[in-house]
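Written below as structure tokens is the structure these notes are about.
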Amino acid sequence: MKNSPDTPKYFYQTSKLTTVIGNDQKRSFLRIGTLPLAESAGKEARSSQLFATDEMDSVLVVSTPDGKQNNHNYTPFGYNEKLPSGSTAMGFNGEFILDNMHLYLLGQGHRGFSTEMRRFIGPDNAESPFARGGVNAFAYCVNDPVNRKDETGMWSILKPRTWFRSNQAKLEQRLESMTVINAKLKKQTAELNNLVNEREYGGQTVAPRIEAARKTLQKTLDRGLRKARGINKHVKSKNHAFIFSGHSAQEAIKNSDPDTYRPTSGNTDRKNMFYTQKKHDDPNDDRNYQFGAIDANNQTRRPQSK
């Protein structure tokens, strides 16, 4: 069976659409990698439109040759009432949308995704429901399009958001997070020190709380050290390196180590209910026997016969 002359023909480069011919028109798409930059709907330059996209290649702004700008917004599942439009056929996640319907052909035409129904119009061939396709053979991105992306029409992957951040953006975000981490360190260090001081009176009853506070502080300290290494990775000069001060937290963790605590006699255990209060040795006091009298005391109270 021969195809109709009006049947659209789609041409791909690797996995991305580059040209559509049919319906008395020709559309060409200019890309860098997967990022769409412009679209041409004719032979003349004045029929070309420029794109402004987000990190997931969705077209947000279309700049026309007459200087106008068309803004585009999308629901989590990619619905946009302005698409398809006469200015562009490129839309959600940098995919081509069919004329007269809200339908994206994913995976080089493998399956159609309807943004109105928020699902595929046909089942996958990824062995659903027991393999990579998931439980629902018609679900798009496991019903989580905010965090996942589907380019194949068969299975989805997590959106690699952090891969598209500039080094300056990473540096600024890490510096902001360091302010929060330093505040947490200060608070958690004070809490751990208070528990260690309380151990003098509470003995082993506060040990579980000290252990939990130490683990929490250690986790925050490790996170701060990782952030500091990430910040210094983008610093050109060592003279401008970010210095993360975690000495007080490290000292608090060291002091909270149960191996460093040894109860001693005398005034240090005076208020500890779990350690017997020591008394001065009185050779005439019978109560000294229950605490272990010294040799001199034994000689005094039970002189050995000669």
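We name chains A, B, ... following the order of the structure tokens; residues begin at 1 in each chain, and ligands are numbered from 1 as shown.
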Leaving out A:Asn143 and any residue of its chain fewer than 2 positions from it, which residues lie within 9 Å of it when counting only C-alpha atoms, given as a JSON list (two decimals) with N, CA and C atoms, in the first residue's frame?
[["chain", "number", "residue", "atom", "x", "y", "z"],
["A", 77, "PHE", "N", 2.31, 17.20, 33.41],
["A", 77, "PHE", "CA", 2.26, 16.20, 32.35],
["A", 77, "PHE", "C", 2.41, 16.82, 30.96],
["A", 118, "ARG", "N", -2.94, 12.42, 29.92],
["A", 118, "ARG", "CA", -1.83, 12.20, 30.84],
["A", 118, "ARG", "C", -1.39, 10.73, 30.85],
["A", 119, "ARG", "N", -1.38, 10.14, 29.69],
["A", 119, "ARG", "CA", -0.99, 8.74, 29.57],
["A", 119, "ARG", "C", -0.68, 8.45, 28.11],
["A", 139, "ALA", "N", 1.09, 4.04, 31.74],
["A", 139, "ALA", "CA", 1.49, 5.17, 32.60],
["A", 139, "ALA", "C", 2.68, 5.89, 31.99],
["A", 140, "TYR", "N", 2.68, 7.21, 32.15],
["A", 140, "TYR", "CA", 3.80, 8.04, 31.68],
["A", 140, "TYR", "C", 4.68, 8.40, 32.87],
["A", 141, "CYS", "N", 5.96, 8.02, 32.80],
["A", 141, "CYS", "CA", 6.95, 8.33, 33.84],
["A", 141, "CYS", "C", 6.52, 7.83, 35.22],
["A", 145, "PRO", "N", 5.95, 12.78, 36.51],
["A", 145, "PRO", "CA", 6.67, 13.54, 35.47],
["A", 145, "PRO", "C", 7.50, 14.69, 36.01],
["A", 146, "VAL", "N", 7.31, 15.04, 37.29],
["A", 146, "VAL", "CA", 8.11, 16.13, 37.86],
["A", 146, "VAL", "C", 9.56, 15.69, 38.03],
["A", 148, "ARG", "N", 10.83, 12.61, 36.69],
["A", 148, "ARG", "CA", 11.26, 11.63, 35.71],
["A", 148, "ARG", "C", 11.00, 12.14, 34.30]]
Quiz item: Which neighbours of A:Val180 fall inside 12 Å, counting only C-alpha atoms, when residues of the same chain fewer than 6 positions from it are skipped, and could you give them as number ranges by chain?
Solution: A: 173-174, 186-187, 220-221, 223-224, 227
Quiz item: Between A:Leu17, A:Met117, A:Ala213, A:Leu83, which one has atoms that come closest to A:Ile253, using only C-alpha atoms?
Solution: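 Between A:Leu17, A:Met117, A:Ala213, A:Leu83, the residue approaching A:Ile253 most closely is A:Ala213.
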Practice problem: Going by DSSP on the backbone, which bits of stretch 80-226 of chain A are helix (DSSP H, G or I)? Write them as a PyMOL selection string, please. | Solution: chain A and resi 92-94+141-143+161-164+167-226
Quiz item: So what do you get for atom CA of A:Ile181 versus atom CA of A:Glu198, distance-wise?
Solution: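 We find that atom CA of A:Ile181 and atom CA of A:Glu198 lie 25.5 Å from each other.
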Exercise. Taking the chain letters and numbering used in this document, name the residues of stretch 42-252 of chain A that DSSP puts in strand (DSSP E or B), as an NGL selection string.
Key: :A and (48-53 or 59-63 or 69-71 or 90 or 96-97 or 103-106 or 111-114 or 119-120 or 148-149 or 157-158)
Go ahead and save the picked residues with C-alpha atoms, as a compact mmCIF listing (two decimals), in the first residue's frame.
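Result saved to result.txt:
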# COMPACT_ATOMS: atom_id res chain seq x y z
CA SER A 48 12.52 30.97 11.51
CA GLN A 49 11.85 31.13 15.23
CA LEU A 50 14.34 31.11 18.08
CA PHE A 51 13.77 29.14 21.30
CA ALA A 52 14.47 29.73 24.97
CA THR A 53 14.31 26.47 26.88
CA VAL A 59 10.39 25.36 24.97
CA LEU A 60 9.43 28.30 27.20
CA VAL A 61 9.78 31.29 24.85
CA VAL A 62 9.46 31.47 21.06
CA SER A 63 10.94 34.57 19.43
CA GLN A 69 7.69 36.60 21.94
CA ASN A 70 5.30 33.79 22.69
CA ASN A 71 5.55 32.38 26.21
CA MET A 90 8.36 21.91 19.50
CA PHE A 96 7.58 17.29 18.54
CA ILE A 97 3.82 17.70 18.95
CA LEU A 103 0.06 14.19 21.19
CA TYR A 104 3.83 13.70 21.38
CA LEU A 105 5.50 10.89 19.44
CA LEU A 106 8.22 9.48 21.70
CA ARG A 111 4.38 5.50 21.15
CA GLY A 112 2.15 8.52 21.37
CA PHE A 113 1.81 10.38 24.65
CA SER A 114 -1.36 12.41 25.19
CA ARG A 119 -0.99 8.74 29.57
CA PHE A 120 0.14 6.84 26.49
CA ARG A 148 11.26 11.63 35.71
CA LYS A 149 11.59 11.91 31.94
CA ILE A 157 14.65 7.86 33.88
CA LEU A 158 15.23 10.34 36.68
Exercise. Excluding A:Glu211 and any residue of its chain fewer than 4 positions from it, enumerate the residues within 10 Å of it, using only C-alpha atoms, and give them as an MDAnalysis selection string.
Key: chainID A and resid 192 195 206:207 215:217 253 256:258
Quiz prompt | Distance in Å - atom CA of A:Asn182 versus atom CA of A:Lys254 | solution =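 Atom-to-atom, atom CA of A:Asn182 and atom CA of A:Lys254 are spaced 18.7 Å apart.
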